[in-house]
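J.: Following this line is entry06.cif, made up of mmCIF, C-alpha atoms and all ligand atoms:
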data_model
loop_
_atom_site.label_atom_id
_atom_site.label_comp_id
_atom_site.auth_asym_id
_atom_site.auth_seq_id
_atom_site.Cartn_x
_atom_site.Cartn_y
_atom_site.Cartn_z
CA MET A 1107 -38.09 -34.42 9.33
CA SER A 1108 -35.88 -32.27 7.12
CA VAL A 1109 -36.91 -29.22 5.21
CA ASP A 1110 -35.17 -28.27 2.00
CA ILE A 1111 -34.77 -24.54 1.63
CA PRO A 1112 -33.84 -23.47 -1.86
CA ARG A 1113 -30.36 -21.91 -1.84
CA ARG A 1114 -31.55 -18.83 -3.69
CA ARG A 1115 -33.85 -17.89 -0.79
CA LEU A 1116 -30.87 -18.01 1.58
CA ALA A 1117 -28.58 -16.02 -0.67
CA ALA A 1118 -30.54 -12.76 -0.59
CA PRO A 1119 -30.32 -12.02 3.17
CA THR A 1120 -26.64 -13.01 3.16
CA ARG A 1121 -25.84 -10.56 0.37
CA LEU A 1122 -27.88 -7.85 2.06
CA ARG A 1123 -25.92 -8.40 5.24
CA ARG A 1124 -22.61 -8.26 3.36
CA ASP A 1125 -23.64 -5.08 1.53
CA GLY A 1126 -24.73 -3.57 4.84
CA ILE A 1127 -21.31 -4.37 6.32
CA THR A 1128 -19.52 -2.74 3.38
CA ARG A 1129 -21.73 0.37 3.61
CA LEU A 1130 -21.04 0.61 7.32
CA LEU A 1131 -17.27 0.19 6.86
CA ARG A 1132 -17.26 2.81 4.08
CA ALA A 1133 -19.07 5.26 6.34
CA VAL A 1134 -16.38 4.76 9.03
CA GLN A 1135 -13.62 5.01 6.40
CA GLY A 1136 -15.05 8.34 5.24
CA GLN A 1137 -15.50 9.69 8.77
CA PRO A 1138 -13.08 8.09 11.21
CA GLY A 1139 -14.41 8.40 14.75
CA ILE A 1140 -18.03 8.81 13.64
CA ALA A 1141 -20.50 8.52 16.53
CA GLN A 1142 -22.28 5.17 16.55
CA ALA A 1143 -25.55 7.10 16.82
CA ASP A 1144 -24.82 8.79 13.45
CA LEU A 1145 -23.70 5.61 11.68
CA ALA A 1146 -27.16 4.32 10.77
CA ALA A 1147 -28.06 7.49 8.85
CA GLU A 1148 -24.61 7.71 7.23
CA ALA A 1149 -24.63 4.05 6.11
CA GLY A 1150 -28.33 4.04 5.22
CA LEU A 1151 -29.14 1.25 7.70
CA ALA A 1152 -31.63 0.85 10.52
CA ALA A 1153 -30.31 1.53 14.03
CA GLY A 1154 -30.87 -2.05 15.27
CA PRO A 1155 -28.74 -3.79 12.64
CA VAL A 1156 -26.00 -1.16 13.07
CA SER A 1157 -25.32 -2.07 16.72
CA GLU A 1158 -25.37 -5.77 15.81
CA LEU A 1159 -22.98 -5.23 12.86
CA VAL A 1160 -20.63 -3.03 14.90
CA ARG A 1161 -20.41 -5.82 17.50
CA LEU A 1162 -19.80 -8.45 14.80
CA LEU A 1163 -17.11 -6.34 13.09
CA ALA A 1164 -15.41 -5.54 16.40
CA ASP A 1165 -15.34 -9.28 17.21
CA HIS A 1166 -13.65 -9.92 13.86
CA GLY A 1167 -11.03 -7.23 14.24
CA MET A 1168 -12.36 -4.79 11.64
CA LEU A 1169 -13.80 -2.04 13.85
CA GLU A 1170 -13.01 -0.47 17.21
CA ALA A 1171 -15.67 1.21 19.32
CA ILE A 1172 -14.23 3.74 21.74
CA ALA A 1173 -16.32 5.22 24.55
CA ALA A 1174 -16.26 9.00 24.33
CA PRO A 1175 -15.86 11.02 27.57
CA SER A 1176 -19.19 11.54 29.31
CA THR A 1177 -20.92 14.83 28.56
CA GLY A 1178 -23.01 14.56 31.70
CA GLU A 1179 -26.14 14.17 29.58
CA ARG A 1180 -28.56 11.35 30.21
CA GLY A 1181 -28.86 8.38 27.95
CA ARG A 1182 -26.43 5.84 26.57
CA PRO A 1183 -22.71 6.76 26.53
CA ARG A 1184 -21.47 8.10 23.18
CA ARG A 1185 -19.24 5.70 21.27
CA SER A 1186 -16.97 6.70 18.42
CA ILE A 1187 -16.29 4.10 15.75
CA HIS A 1188 -12.93 3.62 14.01
CA LEU A 1189 -11.50 1.12 11.55
CA ALA A 1190 -9.39 -1.42 13.45
CA ASP A 1191 -5.93 -0.10 14.25
CA ALA A 1192 -4.24 -2.89 16.19
CA ARG A 1193 -2.99 -5.55 13.81
CA ALA A 1194 -1.58 -5.92 10.31
CA HIS A 1195 -4.37 -6.03 7.75
CA LEU A 1196 -3.28 -4.10 4.64
CA VAL A 1197 -0.18 -4.67 2.51
CA GLY A 1198 0.83 -2.27 -0.25
CA VAL A 1199 3.46 -3.52 -2.69
CA HIS A 1200 5.25 -1.45 -5.33
CA LEU A 1201 7.13 -3.38 -8.01
CA GLY A 1202 9.47 -1.09 -9.92
CA GLY A 1203 12.26 -1.34 -12.45
CA SER A 1204 15.00 -1.00 -9.82
CA GLY A 1205 13.45 -2.74 -6.81
CA PHE A 1206 10.38 -3.21 -4.68
CA ALA A 1207 8.74 -1.63 -1.64
CA VAL A 1208 6.33 -3.17 0.86
CA ARG A 1209 4.26 -1.33 3.48
CA VAL A 1210 2.22 -3.17 6.10
CA ALA A 1211 -0.58 -1.20 7.75
CA THR A 1212 -3.61 -1.63 9.98
CA LEU A 1213 -7.08 -1.51 8.43
CA ALA A 1214 -7.21 2.13 9.59
CA GLY A 1215 -4.11 2.75 7.43
CA ARG A 1216 -1.47 3.23 10.17
CA GLU A 1217 1.88 1.93 8.95
CA LEU A 1218 3.34 -0.89 11.06
CA ALA A 1219 6.34 -2.03 9.04
CA ARG A 1220 8.14 -1.37 5.79
CA VAL A 1221 10.90 -2.64 3.56
CA ASP A 1222 12.52 -1.14 0.45
CA ARG A 1223 14.84 -3.38 -1.49
CA ALA A 1224 16.74 -3.10 -4.76
CA TRP A 1225 16.72 -6.00 -7.22
CA SER A 1226 20.11 -7.64 -7.42
CA GLY A 1227 20.57 -7.17 -11.16
CA ALA A 1228 17.71 -7.25 -13.65
CA PRO A 1229 14.12 -7.43 -12.33
CA PRO A 1230 13.11 -11.03 -11.49
CA ASP A 1231 10.59 -13.03 -13.48
CA PRO A 1232 7.02 -13.13 -12.08
CA ALA A 1233 7.47 -16.41 -10.17
CA ALA A 1234 10.72 -15.27 -8.50
CA ALA A 1235 9.14 -11.88 -7.71
CA GLY A 1236 6.18 -13.69 -6.09
CA VAL A 1237 8.58 -15.69 -3.87
CA MET A 1238 10.47 -12.53 -2.85
CA ILE A 1239 7.32 -10.55 -2.03
CA GLY A 1240 5.77 -13.50 -0.17
CA SER A 1241 8.84 -13.88 2.01
CA ALA A 1242 9.18 -10.10 2.60
CA VAL A 1243 5.53 -9.85 3.70
CA GLY A 1244 5.97 -12.93 5.94
CA GLU A 1245 8.92 -11.23 7.69
CA LEU A 1246 6.93 -8.01 8.19
CA ILE A 1247 3.73 -9.48 9.68
CA ARG A 1248 5.32 -11.24 12.62
CA ASP A 1249 2.66 -9.94 15.01
CA GLY A 1250 0.84 -13.27 14.80
CA THR A 1251 -1.40 -12.07 11.98
CA ASN A 1252 -2.80 -14.84 9.82
CA PRO A 1253 -1.58 -14.03 6.28
CA ARG A 1254 -4.95 -15.20 4.96
CA ARG A 1255 -6.52 -12.16 6.61
CA CYS A 1256 -4.17 -9.70 4.89
CA GLN A 1257 -5.35 -7.77 1.85
CA LEU A 1258 -2.56 -7.01 -0.64
CA ALA A 1259 -2.56 -4.43 -3.42
CA VAL A 1260 0.36 -4.80 -5.82
CA SER A 1261 1.36 -1.97 -8.15
CA VAL A 1262 3.04 -2.78 -11.45
CA PRO A 1263 4.53 -0.26 -13.88
CA GLY A 1264 2.50 -1.33 -16.88
CA ALA A 1265 -0.75 -2.81 -18.12
CA VAL A 1266 -2.96 -5.23 -16.18
CA ARG A 1267 -5.89 -6.83 -17.99
CA GLY A 1268 -7.70 -10.15 -18.13
CA GLY A 1269 -5.27 -11.97 -15.84
CA LYS A 1270 -2.20 -10.76 -17.77
CA ILE A 1271 0.54 -8.28 -16.94
CA GLY A 1272 2.64 -6.35 -19.46
CA SER A 1273 5.51 -4.23 -18.13
CA ARG A 1274 8.53 -2.89 -19.93
CA ASP A 1275 10.23 -1.86 -16.67
CA LEU A 1276 9.83 -5.37 -15.21
CA GLU A 1277 10.44 -7.08 -18.58
CA TRP A 1278 7.23 -9.06 -18.10
CA HIS A 1279 5.83 -9.49 -21.58
CA TRP A 1280 2.06 -10.02 -21.27
CA THR A 1281 2.69 -12.74 -18.75
CA ASP A 1282 0.09 -14.71 -16.77
CA GLU A 1283 -0.50 -13.07 -13.40
CA ALA A 1284 -0.93 -16.58 -11.92
CA LEU A 1285 2.86 -17.04 -12.19
CA PHE A 1286 3.25 -14.17 -9.70
CA LEU A 1287 0.21 -15.05 -7.57
CA ASP A 1288 0.90 -18.77 -7.03
CA PRO A 1289 3.97 -18.29 -4.77
CA LEU A 1290 2.01 -15.69 -2.77
CA ARG A 1291 -0.86 -18.17 -2.32
CA GLY A 1292 1.75 -20.68 -1.17
CA CYS A 1293 2.59 -18.23 1.66
CA GLY A 1294 -1.11 -17.97 2.59
CA LEU A 1295 -1.52 -14.60 0.84
CA SER A 1296 -4.63 -15.18 -1.22
CA ARG A 1297 -6.30 -11.76 -1.15
CA VAL A 1298 -4.29 -9.94 -3.81
CA LEU A 1299 -5.29 -7.08 -6.07
CA ILE A 1300 -2.92 -6.09 -8.91
CA GLY A 1301 -3.15 -2.64 -10.47
CA ASN A 1302 -1.40 -0.04 -12.58
CA ASP A 1303 1.03 2.25 -10.73
CA GLY A 1304 -0.36 5.48 -12.18
CA ALA A 1305 -3.87 4.57 -11.03
CA PHE A 1306 -2.59 3.96 -7.48
CA ALA A 1307 -0.68 7.27 -7.54
CA THR A 1308 -3.88 9.02 -8.64
CA LEU A 1309 -5.75 7.45 -5.73
CA ALA A 1310 -3.08 8.70 -3.27
CA GLU A 1311 -3.03 12.29 -4.57
CA HIS A 1312 -6.85 12.33 -4.63
CA ARG A 1313 -7.38 10.89 -1.14
CA SER A 1314 -4.72 12.90 0.67
CA GLY A 1315 -2.63 15.01 -1.72
CA ALA A 1316 -2.72 17.79 -4.29
CA ALA A 1317 -5.86 16.39 -5.97
CA MET A 1318 -7.86 16.23 -2.74
CA GLY A 1319 -11.34 17.69 -2.84
CA ALA A 1320 -11.53 17.71 -6.66
CA ASP A 1321 -14.27 15.62 -8.27
CA ASN A 1322 -12.57 16.00 -11.65
CA VAL A 1323 -8.81 15.96 -11.74
CA VAL A 1324 -5.92 14.54 -13.77
CA VAL A 1325 -2.83 13.12 -12.06
CA LEU A 1326 0.29 12.55 -14.15
CA TYR A 1327 2.88 10.28 -12.57
CA MET A 1328 6.37 10.84 -13.95
CA GLY A 1329 9.11 8.46 -12.97
CA ARG A 1330 11.18 6.36 -15.35
CA GLY A 1331 8.10 6.38 -17.57
CA LEU A 1332 5.03 8.57 -17.64
CA GLY A 1333 1.69 7.32 -16.36
CA GLY A 1334 -1.25 8.52 -14.40
CA SER A 1335 -4.98 8.52 -14.50
CA ALA A 1336 -7.94 10.77 -13.90
CA ILE A 1337 -10.82 11.09 -11.50
CA THR A 1338 -14.07 12.02 -13.22
CA SER A 1339 -17.20 12.75 -11.18
CA GLY A 1340 -15.39 11.35 -8.15
CA HIS A 1341 -14.49 8.01 -9.75
CA LEU A 1342 -11.10 6.72 -10.86
CA VAL A 1343 -11.00 6.18 -14.61
CA LEU A 1344 -9.89 2.63 -15.29
CA GLY A 1345 -11.24 1.91 -18.76
CA HIS A 1346 -11.12 -1.43 -20.50
CA ASP A 1347 -7.32 -1.44 -20.62
CA ALA A 1348 -6.30 -0.63 -17.06
CA GLY A 1349 -2.75 0.13 -17.96
CA GLY A 1350 -0.29 2.03 -19.98
CA GLY A 1351 -1.88 5.07 -18.41
CA LEU A 1352 -1.85 8.62 -19.69
CA GLY A 1353 1.78 8.54 -20.79
CA HIS A 1354 0.75 6.67 -23.93
CA VAL A 1355 -1.62 9.30 -25.22
CA PRO A 1356 -0.22 10.20 -28.68
CA ILE A 1357 0.51 13.92 -28.87
CA ASP A 1358 2.43 13.97 -32.16
CA PRO A 1359 1.05 11.92 -35.10
CA ASN A 1360 4.41 12.29 -36.91
CA GLY A 1361 6.47 11.44 -33.85
CA PRO A 1362 8.65 8.37 -33.38
CA LEU A 1363 7.11 4.91 -32.98
CA CYS A 1364 6.53 3.93 -29.34
CA LEU A 1365 6.86 0.37 -28.00
CA CYS A 1366 3.10 0.48 -27.32
CA GLY A 1367 2.51 0.61 -31.09
CA ARG A 1368 1.39 4.24 -31.28
CA ARG A 1369 3.34 7.20 -32.64
CA GLY A 1370 4.47 10.22 -30.67
CA CYS A 1371 3.36 9.17 -27.18
CA ALA A 1372 3.88 11.81 -24.45
CA GLU A 1373 6.20 9.43 -22.60
CA LEU A 1374 8.71 9.58 -25.45
CA SER A 1375 9.64 13.11 -24.28
CA ALA A 1376 8.17 13.43 -20.80
CA SER A 1377 9.82 10.69 -18.75
CA LEU A 1378 13.09 10.28 -16.88
CA ARG A 1379 13.97 7.52 -19.35
CA ALA A 1380 13.57 9.92 -22.30
CA ILE A 1381 15.50 12.72 -20.58
CA ALA A 1382 18.30 10.29 -19.66
CA ALA A 1383 18.53 9.04 -23.25
CA LYS A 1384 18.72 12.60 -24.64
CA THR A 1385 21.41 13.67 -22.18
CA GLY A 1386 23.59 10.55 -22.34
CA LEU A 1387 22.68 9.64 -18.75
CA SER A 1388 20.87 6.31 -19.34
CA ALA A 1389 23.58 4.35 -17.50
CA ARG A 1390 23.23 6.64 -14.48
CA LEU A 1391 19.43 6.16 -14.45
CA ALA A 1392 19.93 2.38 -14.64
CA ASP A 1393 22.20 2.51 -11.56
CA HIS A 1394 20.06 4.80 -9.41
CA SER A 1395 16.55 5.10 -8.09
CA ALA A 1396 14.23 7.32 -10.12
CA SER A 1397 14.17 9.78 -7.19
CA GLY A 1398 17.96 9.90 -6.94
CA PHE A 1399 18.20 10.49 -10.68
CA ALA A 1400 15.59 13.28 -10.60
CA VAL A 1401 17.49 15.06 -7.81
CA HIS A 1402 20.66 14.81 -9.93
CA LEU A 1403 18.78 16.43 -12.84
CA VAL A 1404 17.66 19.28 -10.55
CA LYS A 1405 21.31 20.00 -9.79
CA LEU A 1406 22.30 19.91 -13.48
CA ALA A 1407 19.36 22.18 -14.37
CA LYS A 1408 20.31 24.68 -11.63
CA ASP A 1409 23.86 24.66 -13.01
CA GLY A 1410 22.38 25.57 -16.40
CA THR A 1411 23.65 22.42 -18.19
CA PRO A 1412 22.47 23.11 -21.79
CA GLY A 1413 21.63 19.51 -22.84
CA VAL A 1414 19.62 18.98 -19.67
CA LEU A 1415 17.71 22.25 -20.04
CA ALA A 1416 16.84 21.36 -23.65
CA ALA A 1417 15.58 17.89 -22.64
CA LEU A 1418 13.50 19.43 -19.82
CA ASP A 1419 12.07 21.99 -22.28
CA ALA A 1420 10.99 19.14 -24.59
CA ALA A 1421 9.45 17.32 -21.62
CA ARG A 1422 7.57 20.48 -20.57
CA ASP A 1423 6.22 20.92 -24.13
CA ALA A 1424 5.02 17.29 -24.14
CA ILE A 1425 3.34 17.66 -20.74
CA ARG A 1426 1.64 20.87 -21.89
CA SER A 1427 0.36 19.20 -25.12
CA LEU A 1428 -0.87 16.21 -23.12
CA GLY A 1429 -2.48 18.55 -20.60
CA GLU A 1430 -4.27 20.50 -23.40
CA LEU A 1431 -5.73 17.24 -24.75
CA LEU A 1432 -6.79 15.95 -21.34
CA ALA A 1433 -8.24 19.32 -20.34
CA ALA A 1434 -10.34 19.37 -23.52
CA VAL A 1435 -11.59 15.80 -23.06
CA LEU A 1436 -12.01 15.54 -19.29
CA GLY A 1437 -12.51 19.13 -18.12
CA PRO A 1438 -10.46 18.73 -14.91
CA GLU A 1439 -10.33 21.32 -12.14
CA ARG A 1440 -6.54 20.94 -12.14
CA ILE A 1441 -3.73 18.74 -13.39
CA VAL A 1442 -1.27 17.37 -10.83
CA LEU A 1443 2.29 16.24 -11.54
CA SER A 1444 3.29 13.52 -9.07
CA GLY A 1445 6.06 10.92 -8.94
CA ALA A 1446 9.84 10.97 -8.59
CA ALA A 1447 10.09 13.74 -11.23
CA GLN A 1448 7.83 16.00 -9.15
CA VAL A 1449 10.99 17.75 -7.87
CA LEU A 1450 11.51 18.96 -11.47
CA ALA A 1451 8.14 20.76 -11.45
CA PRO A 1452 9.72 24.24 -11.85
CA TRP A 1453 11.12 23.10 -15.23
CA LEU A 1454 8.25 20.80 -16.27
CA LEU A 1455 5.03 22.63 -15.49
CA THR A 1456 3.25 25.38 -17.37
CA PRO A 1457 1.33 27.13 -14.58
CA ARG A 1458 -1.95 27.33 -16.49
CA ILE A 1459 -3.00 25.68 -19.71
CA GLY A 1460 -5.89 26.14 -22.09
CA LEU A 1461 -7.45 29.32 -23.36
CA ASP A 1462 -9.26 31.87 -21.32
CA ALA A 1463 -12.83 31.90 -22.69
CA PRO A 1464 -14.88 34.08 -20.32
CA HIS A 1465 -17.88 34.07 -22.71
CA LEU A 1466 -18.09 30.29 -22.06
CA GLY A 1467 -17.33 30.66 -18.38
CA ARG A 1468 -14.09 28.76 -19.00
CA CYS A 1469 -10.75 29.60 -17.48
CA PRO A 1470 -7.31 28.02 -17.91
CA VAL A 1471 -6.58 24.83 -15.96
CA PRO A 1472 -3.85 25.12 -13.32
CA MET A 1473 -1.03 22.57 -13.33
CA VAL A 1474 0.33 21.93 -9.86
CA GLU A 1475 3.01 19.90 -8.15
CA GLY A 1476 1.87 16.73 -6.34
CA GLU A 1477 2.38 16.14 -2.61
CA HIS A 1478 3.52 12.54 -2.47
CA GLY A 1479 6.32 12.37 -5.07
CA ALA A 1480 7.79 8.91 -5.48
CA ASP A 1481 5.76 7.68 -2.45
CA ALA A 1482 2.44 8.23 -4.25
CA ILE A 1483 2.38 4.71 -5.68
CA ILE A 1484 3.04 2.76 -2.47
CA LEU A 1485 0.67 5.02 -0.53
CA GLY A 1486 -1.98 4.49 -3.22
CA ALA A 1487 -1.41 0.72 -3.02
CA VAL A 1488 -2.17 0.75 0.73
CA LEU A 1489 -5.32 2.82 0.05
CA ALA A 1490 -6.38 0.42 -2.71
CA ALA A 1491 -5.87 -2.49 -0.27
CA GLN A 1492 -8.07 -0.66 2.26
CA ASP A 1493 -10.79 -0.16 -0.37
CA ALA A 1494 -10.60 -3.85 -1.35
CA ALA A 1495 -10.72 -5.04 2.29
CA ILE A 1496 -13.85 -2.94 2.82
CA ALA A 1497 -15.51 -3.97 -0.45
CA ASP A 1498 -15.04 -7.66 0.37
CA PRO A 1499 -14.86 -7.82 4.17
CA ASP A 1500 -13.24 -10.80 5.81
CA VAL A 1501 -16.06 -11.81 8.15
CA PRO A 1502 -16.82 -15.53 8.49
CA GLY A 1503 -20.37 -16.69 8.04
CA ILE A 1504 -21.62 -13.98 5.69
CA GLY A 1505 -20.72 -15.82 2.50
CA ALA A 1506 -18.33 -14.92 -0.29
CA ARG A 1507 -18.95 -11.91 -2.51
CA SER A 1508 -20.53 -13.15 -5.71
ZN ZN B 1601 3.27 4.60 -26.29
#
Just dump the structure as structure tokens.

T.:
Amino acid sequence: MSVDIPRRRLAAPTRLRRDGITRLLRAVQGQPGIAQADLAAEAGLAAGPVSELVRLLADHGMLEAIAAPSTGERGRPRRSIHLADARAHLVGVHLGGSGFAVRVATLAGRELARVDRAWSGAPPDPAAAGVMIGSAVGELIRDGTNPRRCQLAVSVPGAVRGGKIGSRDLEWHWTDEALFLDPLRGCGLSRVLIGNDGAFATLAEHRSGAAMGADNVVVLYMGRGLGGSAITSGHLVLGHDAGGGLGHVPIDPNGPLCLCGRRGCAELSASLRAIAAKTGLSARLADHSASGFAVHLVKLAKDGTPGVLAALDAARDAIRSLGELLAAVLGPERIVLSGAAQVLAPWLLTPRIGLDAPHLGRCPVPMVEGEHGADAIILGAVLAAQDAAIADPDVPGIGARS
């Protein structure tokens, strides 16, 4: 005799189990080495299911339980729980105008392998880029890891929305992301998240950099272009259009027309591309990494090169105007300048912006230098991959996330 069980009645426990797994993994992510005895309260789960889930996740290579040294007390030995740290699990990819970077890390975030490569000539089209990234990742995960278990996060310098990518640096003109994803799928890499570079940089500075500990903070990422995002009430601002970033906030209604269609965007003054154009150094920027170019500008500024100092002054004015707008709208605790141009902070930052208004309990907002510089994006990509792997854990038998 067979009994038909309606599918809907099966779905609920499966989703509960999956949500419990994600809550548990998030608790371990937030407190690496947390005692198993404290996990239930931290994850909001009953003690029984926690030991069962820890065993399941350890079996599937997502958690490690390490016996802590005995304290001599009676009872069960203390076990500290960590995200798995043995095999490749996370892949951060940074696609830029001059080349790409790949970092392979364990689920705990420990880097296992890396490659940084310049494009030979102009950036490749999406399909060719997909082939290059797929082969680079394949070379880096030679530890026997099944590529299907790897979670990728790919950063693009531009807009990502509705399955399309638009990037001036890559010369991808609102192209279908499937063109890039198909070759990756062909290499077995099917778990791929694509995001805006400024959003990833914001994540990196917030998790482990100059924005750490702030629930409300703005991170500007200045490289060839200007991007960045904000954290409000602890959450990354993505908006409907997860791209373009803060560099395309118009700060001058009478300014020149930007490629994005607006007038007077901050990026038109505050970007390495703009500074290079004003100082006749565009060819040098095209031939060098953004970091190398920024270091060259530091030298020229220290030498007092007039054209360079004037371009940096204009960039500082644009960053201050942008900061005033963002401070008024978002009320951040501070504004962080990250990215390759971070080394130019002494010329680009106004230490405090906004008016002192003690009768409103308001004080000026500090602008500070980031901690990760040009690495912020690739570091943020690895962190975004970790978040994605935890939000949709790769554990057989618990069903796909709906
Ligand atoms: Zn614009």

J.: Can you work out which residues are within 9 Å of ligand ZN 1601 (chain B), considering all atoms listed in the file, and then hand them over as a PDB file with C-alpha atoms, in the frame of the given file?

T.:
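Output contents, as saved in pocket.pdb:
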ATOM      1  CA  GLY A1350      -0.290   2.030 -19.980  1.00  0.00           C
ATOM      2  CA  GLY A1353       1.780   8.540 -20.790  1.00  0.00           C
ATOM      3  CA  HIS A1354       0.750   6.670 -23.930  1.00  0.00           C
ATOM      4  CA  VAL A1355      -1.620   9.300 -25.220  1.00  0.00           C
ATOM      5  CA  PRO A1356      -0.220  10.200 -28.680  1.00  0.00           C
ATOM      6  CA  LEU A1363       7.110   4.910 -32.980  1.00  0.00           C
ATOM      7  CA  CYS A1364       6.530   3.930 -29.340  1.00  0.00           C
ATOM      8  CA  LEU A1365       6.860   0.370 -28.000  1.00  0.00           C
ATOM      9  CA  CYS A1366       3.100   0.480 -27.320  1.00  0.00           C
ATOM     10  CA  GLY A1367       2.510   0.610 -31.090  1.00  0.00           C
ATOM     11  CA  ARG A1368       1.390   4.240 -31.280  1.00  0.00           C
ATOM     12  CA  ARG A1369       3.340   7.200 -32.640  1.00  0.00           C
ATOM     13  CA  GLY A1370       4.470  10.220 -30.670  1.00  0.00           C
ATOM     14  CA  CYS A1371       3.360   9.170 -27.180  1.00  0.00           C
ATOM     15  CA  ALA A1372       3.880  11.810 -24.450  1.00  0.00           C
ATOM     16  CA  GLU A1373       6.200   9.430 -22.600  1.00  0.00           C
ATOM     17  CA  LEU A1374       8.710   9.580 -25.450  1.00  0.00           C
TER      18      LEU A1374
END

J.: Of the candidates A:Asn1360, A:Asp1393, A:Ser1186, A:Trp1280, which shows the shortest atom-to-atom distance to Ser1226 (chain A), using only C-alpha atoms?

T.: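 Ranking A:Asn1360, A:Asp1393, A:Ser1186, A:Trp1280 by distance to Ser1226 (chain A), first place goes to A:Asp1393.
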
J.: Pick out the residues sitting within 9 Å of region 1155-1164 of chain A, and hand them over as a list of chain:residue names; count all atoms listed in the file, and ignore anything fewer than 2 positions along from it in its own chain.

T.: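 Contacts, with the query itself left out: A:Arg1123, A:Gly1126, A:Ile1127, A:Leu1130, A:Gln1142, A:Leu1145, A:Ala1146, A:Ala1149, A:Leu1151, A:Ala1152, A:Ala1153, A:His1166, A:Gly1167, A:Met1168, A:Leu1169, A:Glu1170, A:Ala1171, A:Ile1187, A:Ala1190, A:Val1501.
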
J.: Pull the neighbourhood of (19.9, 18.3, -12.9) for me: all residues within 12 Å in file coordinates, counting all atoms listed in the file, as a ChimeraX atom specification.

T.: /A:1378,1381-1382,1385,1387,1397-1418,1447,1449-1450,1452-1453

J.: For a test of reading the model, state the distance in Å between CA of Gly1136 (chain A) and CA of Arg1254 (chain A), rounded to one decimal.

T.: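 Computing it gives 25.6 Å between the two atoms.
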
J.: Near Gln1257 (chain A), within 8 Å and counting only C-alpha atoms, which residues show up once chain neighbours fewer than 2 positions away are dropped, as a PyMOL selection string?

T.: chain A and resi 1195-1197+1255+1259+1295+1297-1299+1491-1492+1494-1495

J.: Using all atoms listed in the file, pick whichever of A:Leu1443, A:Ile1140, A:Met1238, A:Ala1310 has the shortest atom-to-atom distance to Tyr1327 (chain A).

T.: A:Leu1443

J.: How far is it from CA of Asp1423 (chain A) to CA of Ser1261 (chain A), in Å with one decimal?

T.: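 Calculated distance between CA of Asp1423 (chain A) and CA of Ser1261 (chain A) is 28.3 Å.
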
J.: One decimal, Å: what's the distance from CA of His1279 (chain A) over to CA of Ala1487 (chain A), could you say?

T.: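 The value is 22.4 Å.
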
J.: What are the nearest atom pairs, with distances in Å to one decimal, for all residues of region 1177-1216 of chain A that come at most 12 Å from region 1268-1273 of chain A, using only C-alpha atoms, set out by chain and rising residue number as CSV?

T.:
residue,atom,partner,partner_atom,distance
A:Leu1201,CA,A:Ser1273,CA,10.3
A:Gly1202,CA,A:Ser1273,CA,9.6
A:Gly1203,CA,A:Ser1273,CA,9.3

J.: For the point (2.7, 7.9, -1.7) in the file's frame, write as a short mmCIF file (atom, residue, chain, number, x, y, z; two decimals) with C-alpha atoms, keeping the file's coordinate frame all residues with an atom no more than 12 Å away, counting all atoms listed in the file.

T.:
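New file out.cif:
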data_model
loop_
_atom_site.label_atom_id
_atom_site.label_comp_id
_atom_site.auth_asym_id
_atom_site.auth_seq_id
_atom_site.Cartn_x
_atom_site.Cartn_y
_atom_site.Cartn_z
CA GLY A 1198 0.83 -2.27 -0.25
CA VAL A 1199 3.46 -3.52 -2.69
CA HIS A 1200 5.25 -1.45 -5.33
CA ALA A 1207 8.74 -1.63 -1.64
CA VAL A 1208 6.33 -3.17 0.86
CA ARG A 1209 4.26 -1.33 3.48
CA SER A 1261 1.36 -1.97 -8.15
CA ASP A 1303 1.03 2.25 -10.73
CA GLY A 1304 -0.36 5.48 -12.18
CA ALA A 1305 -3.87 4.57 -11.03
CA PHE A 1306 -2.59 3.96 -7.48
CA ALA A 1307 -0.68 7.27 -7.54
CA THR A 1308 -3.88 9.02 -8.64
CA LEU A 1309 -5.75 7.45 -5.73
CA ALA A 1310 -3.08 8.70 -3.27
CA GLU A 1311 -3.03 12.29 -4.57
CA HIS A 1312 -6.85 12.33 -4.63
CA ARG A 1313 -7.38 10.89 -1.14
CA SER A 1314 -4.72 12.90 0.67
CA GLY A 1315 -2.63 15.01 -1.72
CA ALA A 1316 -2.72 17.79 -4.29
CA TYR A 1327 2.88 10.28 -12.57
CA SER A 1444 3.29 13.52 -9.07
CA GLY A 1445 6.06 10.92 -8.94
CA ALA A 1446 9.84 10.97 -8.59
CA GLY A 1476 1.87 16.73 -6.34
CA GLU A 1477 2.38 16.14 -2.61
CA HIS A 1478 3.52 12.54 -2.47
CA GLY A 1479 6.32 12.37 -5.07
CA ALA A 1480 7.79 8.91 -5.48
CA ASP A 1481 5.76 7.68 -2.45
CA ALA A 1482 2.44 8.23 -4.25
CA ILE A 1483 2.38 4.71 -5.68
CA ILE A 1484 3.04 2.76 -2.47
CA LEU A 1485 0.67 5.02 -0.53
CA GLY A 1486 -1.98 4.49 -3.22
CA ALA A 1487 -1.41 0.72 -3.02
CA VAL A 1488 -2.17 0.75 0.73
CA LEU A 1489 -5.32 2.82 0.05
CA ALA A 1490 -6.38 0.42 -2.71
#
